[in-house]
Every structure is written in structure tokens, then in C-alpha cells.
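Engineer: The structure under discussion is supplied below as C-alpha cells; questions concerning it will follow.
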Amino acid sequence: MNEILSLKNLEDWFEDLWNIIADLHISLNNLLRLKEERYPYEEHIKKHGFFQHHWYQLKFILIVQLAKLFSSSSSQKRSFHRLFNRLIKSKYGNDIVLLLKSNNKKELSNCFKSRQEIILAIEELRSEIGKFSKSIKKVIDARDKVYAHRDSNITVEAVSDDDLKALVELSAYIFNTVRRKFLNTTALFSFTSDWNIDFVLREVSQNRENKLRLLAKKERN
């Protein structure tokens with residue numbers, strides 16, 4: 001690769017990956033929440049077509065986005081595979097060269113100080129990804145054979161909640177490892193309360209409970 005890799009390129013990568021991984025955490029948490037029952041009338045409420053469709057959309061997001069991140073295809077422009085290849089093979093721009101030199105002068109810094117350190121870190125991350133190869137294959141097969149091309153004759157191994165959870169956590173680990181080593185900062189992806197479907201289920205359940213209480217009161221009167 002002759003293309004020069006600049007710090008701006010990396011920051012753009014991090015921004016795009018942050019959006020994807022944040023979306024994955026929100027989708028996973030809501031998918032798992034829909035399988036719980038915390039409030040009265042919740043089971044009946046979740047039988048409504050909206051929640052059935054929403055569950056499918058959450059699974060769709062998780063499968064498609066995880067496949068995008070962990071694909072080794074050259075067509076995926078925001079995969080970890082492509083990022084690693086660029087970090088290893090591309091010529092670094094002056095801003096990255098200066099950043100590495102600056103880090104090298106800081107004795108207590110945990111940031112990257114050389115290309116060799118970057119390569120070693122990527123080798124470790126690739127080894128970590130390899131531990132989840134079965135889950136990754138299931139996700140990519142589901143994306144390619146089920147969600148991208150619906151065929152009733154095709155059978156693929158089911159992607160479990162554990163598979164999804166492991167890969168979502170792995171994506172956050174990879175992102176924060178690389179970002180911390182370059183920019184000395186990480187992201188807290190686990191904070192998803194502002195997008196939690198529990199709020200909706202609680203409000204709808206309480207509304208149903210209040211309506212039934214008022215109806216019972218009218219019948220008594």
C-alpha cells in the first residue's frame with residue numbers, strides 16, 4: 001500500500017468505528033432486554049407486531065455490523081482487518097511520525113512509540129480475534145446467506161446470544177486498545193441507558209395497568 005496514513009485518517013476511522021460499536025452495544029442490550037420480563041402485562045405487550053419487528057431489526061443490525069467489522073474481505077472499508085493492514089503496510093504521515101517520536105520521549109507513556117510496537121500489538125489483537133473464529137464465521141454466514149440473500153433452502157448455524165455478546169465485547173476491546181495506544185483515550189460503550197427499551201416497556205406497562213385500574217373502578221361504580 002503506497003497510500004500515506006495520516007493521523008486524520010485514523011481519527012476518521014475511530015469516529016466511524018465508535019458509531020458502529022456504540023450502535024452494537026445499544027442493539028445487544030435491547031435485544032437481550034426483550035427476552036426478559038420485568039413488568040406486569042409485558043409479555044402481552046411484546047406480542048405486538050412492533051416489538052416483533054424491532055427484535056428482528058436489532059438482530060439484523062448486530063449480524064450485519066459485526067460481519068462488517070470482522071470480515072477479511074477487501075471490500076469492507078471499515079473492518080478491523082483493513083485497519084490492521086493499513087497500520088502495518090502504509091507509509092505514515094508526518095503527524096503520526098511526530099506522534100510516535102513524542103511518545104518515545106515519555107518514559108511512563110503506554111502509547112505507541114514505534115511502528116514495531118504497532119505491529120506487535122496488531123499481532124496480539126489478531127491472535128485474540130482468532131479465538132472467536134467460530135462465532136465470526138457464524139455471523140458472516142448469517143449475513144451472507146440469510147440476511148443479505150434470503151433463501152429458504154439454505155441452512156446456517158444459528159448465531160447465539162453468547163456469540164453476539166462475545167463479538168460486541170471484542171469489538172470494544174480492539175477499538176479501545178488501538179485508540180488508547182494512539183490517542184491515550186478510550187470510550188465507555190457500556191453506557192446505553194439513554195437508548196434502553198426498558199423505558200418504553202415500563203411506560204407502556206404502567207399505562208396498561210392504570211387503564212385497567214380505571215376500568216375496574218368504573219365497573220365497581
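The way I read the labels, and the way they are meant: chains A, B, ... in the order of the C-alpha cells, residue 1 as the first residue of every chain, and ligand 1 as the first ligand shown, with later ones counted on from there.
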Can you list every residue of range 104-162 of chain A that has an atom at most 9 Å from range 58-64 of chain A, with its nearest atom pair and the distance in Å to one decimal, using only C-alpha atoms, ordered by chain then number, as JSON lines?

Structural biologist:
{"residue": "A:Val139", "atom": "CA", "partner": "A:Ile63", "partner_atom": "CA", "distance": 5.7}
{"residue": "A:Ile140", "atom": "CA", "partner": "A:Ile63", "partner_atom": "CA", "distance": 7.5}
{"residue": "A:Ala142", "atom": "CA", "partner": "A:Ile63", "partner_atom": "CA", "distance": 7.1}
{"residue": "A:Arg143", "atom": "CA", "partner": "A:Val64", "partner_atom": "CA", "distance": 5.7}
{"residue": "A:Asp144", "atom": "CA", "partner": "A:Val64", "partner_atom": "CA", "distance": 8.9}
{"residue": "A:Tyr147", "atom": "CA", "partner": "A:Phe60", "partner_atom": "CA", "distance": 7.1}
{"residue": "A:Ala148", "atom": "CA", "partner": "A:Val64", "partner_atom": "CA", "distance": 8.7}
{"residue": "A:Val159", "atom": "CA", "partner": "A:Ile63", "partner_atom": "CA", "distance": 8.5}

Engineer: Give me a file of those residues, with N, CA and C atoms, as a tab-separated table (two decimals), in the first residue's frame.

Structural biologist:
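The result, stored in out37.tsv:
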chain	number	residue	atom	x	y	z
A	139	VAL	N	-21.51	-15.53	12.21
A	139	VAL	CA	-22.06	-14.20	11.93
A	139	VAL	C	-21.96	-13.86	10.44
A	140	ILE	N	-20.80	-14.11	9.85
A	140	ILE	CA	-20.61	-13.81	8.43
A	140	ILE	C	-21.49	-14.69	7.55
A	142	ALA	N	-24.36	-15.96	8.42
A	142	ALA	CA	-25.73	-15.45	8.59
A	142	ALA	C	-25.95	-14.20	7.76
A	143	ARG	N	-24.96	-13.31	7.77
A	143	ARG	CA	-25.07	-12.08	6.96
A	143	ARG	C	-25.17	-12.41	5.47
A	144	ASP	N	-24.28	-13.29	5.00
A	144	ASP	CA	-24.20	-13.57	3.57
A	144	ASP	C	-25.35	-14.44	3.05
A	147	TYR	N	-29.38	-12.88	5.82
A	147	TYR	CA	-29.85	-11.50	5.83
A	147	TYR	C	-29.62	-10.78	4.50
A	148	ALA	N	-28.55	-11.13	3.81
A	148	ALA	CA	-28.28	-10.46	2.53
A	148	ALA	C	-29.00	-11.16	1.37
A	159	VAL	N	-26.68	-18.14	15.21
A	159	VAL	CA	-25.84	-17.22	15.99
A	159	VAL	C	-26.51	-17.03	17.35

Engineer: Taking 5 positions as the minimum chain separation for residues in the same chain, which residues sit within 8 Å of range 17-31 of chain A when counting only C-alpha atoms? Answer as a PDB file with N, CA and C atoms, in the first residue's frame.

Structural biologist:
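Produced file around.pdb, reproduced below:
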ATOM      1  N   TRP A  55     -37.371  -6.556  17.299  1.00  0.00           N
ATOM      2  CA  TRP A  55     -36.423  -7.616  17.656  1.00  0.00           C
ATOM      3  C   TRP A  55     -35.663  -8.080  16.419  1.00  0.00           C
ATOM      4  N   LEU A  58     -33.058  -5.453  15.425  1.00  0.00           N
ATOM      5  CA  LEU A  58     -31.899  -5.469  16.319  1.00  0.00           C
ATOM      6  C   LEU A  58     -30.945  -6.594  15.939  1.00  0.00           C
ATOM      7  N   LYS A  59     -31.502  -7.770  15.667  1.00  0.00           N
ATOM      8  CA  LYS A  59     -30.670  -8.910  15.256  1.00  0.00           C
ATOM      9  C   LYS A  59     -30.000  -8.615  13.918  1.00  0.00           C
ATOM     10  N   ILE A  61     -29.158  -5.642  12.696  1.00  0.00           N
ATOM     11  CA  ILE A  61     -28.074  -4.681  12.930  1.00  0.00           C
ATOM     12  C   ILE A  61     -26.843  -5.390  13.476  1.00  0.00           C
ATOM     13  N   LEU A  62     -27.039  -6.239  14.463  1.00  0.00           N
ATOM     14  CA  LEU A  62     -25.921  -6.936  15.094  1.00  0.00           C
ATOM     15  C   LEU A  62     -25.182  -7.820  14.097  1.00  0.00           C
ATOM     16  N   GLN A  65     -23.499  -5.520  11.144  1.00  0.00           N
ATOM     17  CA  GLN A  65     -22.397  -4.667  11.592  1.00  0.00           C
ATOM     18  C   GLN A  65     -21.210  -5.478  12.123  1.00  0.00           C
ATOM     19  N   LEU A  66     -21.484  -6.559  12.822  1.00  0.00           N
ATOM     20  CA  LEU A  66     -20.385  -7.408  13.291  1.00  0.00           C
ATOM     21  C   LEU A  66     -19.673  -8.059  12.106  1.00  0.00           C
ATOM     22  N   ARG A  78     -14.271  -0.507   6.531  1.00  0.00           N
ATOM     23  CA  ARG A  78     -14.132  -0.164   7.942  1.00  0.00           C
ATOM     24  C   ARG A  78     -14.000  -1.414   8.817  1.00  0.00           C
ATOM     25  N   LEU A 164     -23.021 -13.222  19.950  1.00  0.00           N
ATOM     26  CA  LEU A 164     -23.176 -11.781  19.746  1.00  0.00           C
ATOM     27  C   LEU A 164     -22.499 -10.993  20.856  1.00  0.00           C
ATOM     28  N   LYS A 165     -22.728 -11.413  22.088  1.00  0.00           N
ATOM     29  CA  LYS A 165     -22.152 -10.708  23.239  1.00  0.00           C
ATOM     30  C   LYS A 165     -20.628 -10.742  23.192  1.00  0.00           C
ATOM     31  N   VAL A 168     -19.375  -8.399  20.333  1.00  0.00           N
ATOM     32  CA  VAL A 168     -19.577  -6.983  20.665  1.00  0.00           C
ATOM     33  C   VAL A 168     -18.520  -6.536  21.671  1.00  0.00           C
ATOM     34  N   SER A 171     -15.134  -6.286  19.924  1.00  0.00           N
ATOM     35  CA  SER A 171     -15.009  -5.085  19.089  1.00  0.00           C
ATOM     36  C   SER A 171     -14.651  -3.866  19.931  1.00  0.00           C
ATOM     37  N   ALA A 172     -15.253  -3.757  21.113  1.00  0.00           N
ATOM     38  CA  ALA A 172     -14.936  -2.636  22.005  1.00  0.00           C
ATOM     39  C   ALA A 172     -13.504  -2.740  22.514  1.00  0.00           C
ATOM     40  N   PHE A 175     -11.113  -1.735  19.644  1.00  0.00           N
ATOM     41  CA  PHE A 175     -11.198  -0.287  19.440  1.00  0.00           C
ATOM     42  C   PHE A 175     -10.438   0.460  20.528  1.00  0.00           C
ATOM     43  N   ALA A 187     -13.245   4.727  25.062  1.00  0.00           N
ATOM     44  CA  ALA A 187     -14.687   5.006  25.026  1.00  0.00           C
ATOM     45  C   ALA A 187     -15.419   4.041  25.948  1.00  0.00           C
ATOM     46  N   PHE A 189     -18.473   2.210  26.106  1.00  0.00           N
ATOM     47  CA  PHE A 189     -19.600   1.784  25.272  1.00  0.00           C
ATOM     48  C   PHE A 189     -20.746   1.199  26.080  1.00  0.00           C
ATOM     49  N   SER A 190     -20.473   0.802  27.311  1.00  0.00           N
ATOM     50  CA  SER A 190     -21.494   0.114  28.108  1.00  0.00           C
ATOM     51  C   SER A 190     -22.613   1.044  28.574  1.00  0.00           C
ATOM     52  N   THR A 192     -25.585   2.759  27.945  1.00  0.00           N
ATOM     53  CA  THR A 192     -26.616   2.787  26.898  1.00  0.00           C
ATOM     54  C   THR A 192     -28.001   3.121  27.448  1.00  0.00           C
ATOM     55  N   TRP A 195     -30.796   4.944  25.563  1.00  0.00           N
ATOM     56  CA  TRP A 195     -31.423   4.266  24.419  1.00  0.00           C
ATOM     57  C   TRP A 195     -32.058   2.938  24.836  1.00  0.00           C
ATOM     58  N   ASN A 196     -32.260   2.757  26.128  1.00  0.00           N
ATOM     59  CA  ASN A 196     -32.729   1.470  26.645  1.00  0.00           C
ATOM     60  C   ASN A 196     -34.227   1.290  26.417  1.00  0.00           C
ATOM     61  N   ILE A 197     -34.588   0.190  25.812  1.00  0.00           N
ATOM     62  CA  ILE A 197     -36.002  -0.083  25.536  1.00  0.00           C
ATOM     63  C   ILE A 197     -36.781  -0.387  26.809  1.00  0.00           C
ATOM     64  N   ASP A 198     -36.072  -0.601  27.902  1.00  0.00           N
ATOM     65  CA  ASP A 198     -36.752  -0.830  29.180  1.00  0.00           C
ATOM     66  C   ASP A 198     -37.660   0.346  29.534  1.00  0.00           C
TER      67      ASP A 198
END

Engineer: Using Å and a single decimal, report how far CA of Lys145 in chain A sits from CA of Ala158 in chain A.

Structural biologist: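 CA of Ala158 in chain A sits 11.8 Å away from CA of Lys145 in chain A.
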
Engineer: Just checking: using only C-alpha atoms, which residue out of A:Leu34, A:Leu5, A:Leu188, A:Leu125 ends up closest to Arg86 in chain A?

Structural biologist: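 Of A:Leu34, A:Leu5, A:Leu188, A:Leu125, the one nearest Arg86 in chain A, counting only C-alpha atoms, is A:Leu5.
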
Engineer: Let's see if you can do this: from backbone DSSP, list all strand (DSSP E or B) residues in range 4-208 of chain A, as a list in words.

Structural biologist: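 Going through range 4-208 of chain A, the strand (DSSP E or B) residues come out as Ile4, Leu5, Lys91 and Tyr92 of chain A.
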
Engineer: Name the residues in contact with range 95-108 of chain A at a cut-off of 12 Å, using only C-alpha atoms, excluding same-chain residues fewer than 3 positions from it; report them as a ChimeraX atom specification.

Structural biologist: /A:4-11,87,90-92,111-118,181-184

Engineer: What's the 9 Å shell around Lys46 in chain A, counting only C-alpha atoms, without same-chain residues fewer than 5 positions away, as a ChimeraX atom specification?

Structural biologist: /A:34,41,51-52,201

Engineer: Save out the residues we just selected, C-alpha atoms, as a PDB file, in the first residue's frame.

Structural biologist:
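Now in again.pdb:
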ATOM      1  CA  LEU A  34     -36.674  -8.001  25.102  1.00  0.00           C
ATOM      2  CA  TYR A  41     -48.539  -7.149  31.124  1.00  0.00           C
ATOM      3  CA  PHE A  51     -41.817  -5.378  19.112  1.00  0.00           C
ATOM      4  CA  GLN A  52     -41.611  -8.493  16.922  1.00  0.00           C
ATOM      5  CA  LEU A 201     -41.714  -1.222  28.197  1.00  0.00           C
TER       6      LEU A 201
END

Engineer: I'd like to know which of A:Lys89, A:Lys35, A:Lys137, A:Lys131 is closest to Ser72 in chain A, using only C-alpha atoms.

Structural biologist: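 Between A:Lys89, A:Lys35, A:Lys137, A:Lys131, the residue approaching Ser72 in chain A most closely is A:Lys137.
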
Engineer: Please give the complete set of residues from range 21-209 of chain A that DSSP, run on the backbone, assigns to alpha helix (DSSP H), formatted as JSON, numbers by chain.

Structural biologist: {"A": [21, 22, 23, 24, 25, 26, 27, 28, 29, 30, 31, 32, 33, 42, 43, 44, 45, 49, 50, 51, 52, 53, 54, 55, 56, 57, 58, 59, 60, 61, 62, 63, 64, 65, 66, 67, 68, 69, 70, 80, 81, 82, 83, 84, 85, 86, 87, 88, 89, 94, 95, 96, 97, 98, 99, 100, 101, 102, 103, 104, 115, 116, 117, 118, 119, 120, 121, 122, 123, 124, 125, 126, 127, 128, 129, 130, 133, 134, 135, 136, 137, 138, 139, 140, 141, 142, 161, 162, 163, 164, 165, 166, 167, 168, 169, 170, 171, 172, 173, 174, 175, 176, 177, 178, 179, 180, 181, 182, 183, 198, 199, 200, 201, 202, 203, 204, 205, 206, 207, 208, 209]}

Engineer: Record the distance separating CA of Asn176 in chain A and CA of His54 in chain A, expressed in Å with one decimal.

Structural biologist: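 Spanning CA of Asn176 in chain A to CA of His54 in chain A is a straight-line distance of 29.1 Å.
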
Engineer: Please provide as a ChimeraX atom specification all residues within 8 Å of Thr186 in chain A, with the sequence filter that same-chain residues fewer than 6 positions apart are discarded (counting only C-alpha atoms).

Structural biologist: /A:176-177,179-180

Engineer: Please provide the set of residues having any atom within 9 Å of Asp163 in chain A, restricted to only C-alpha atoms, with same-chain residues fewer than 6 positions apart removed, written as an mmCIF file with C-alpha atoms, in the first residue's frame.

Structural biologist:
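Writing done, so here's around.cif:
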data_model
loop_
_atom_site.group_PDB
_atom_site.id
_atom_site.type_symbol
_atom_site.label_atom_id
_atom_site.label_comp_id
_atom_site.auth_asym_id
_atom_site.auth_seq_id
_atom_site.Cartn_x
_atom_site.Cartn_y
_atom_site.Cartn_z
ATOM 1 C CA PHE A 132 -13.527 -16.250 18.259
ATOM 2 C CA LYS A 134 -16.248 -19.903 15.081
ATOM 3 C CA SER A 135 -18.505 -17.082 16.242
ATOM 4 C CA ILE A 136 -17.206 -14.818 13.484
ATOM 5 C CA LYS A 138 -21.428 -17.945 12.086
ATOM 6 C CA VAL A 139 -22.060 -14.198 11.927
#
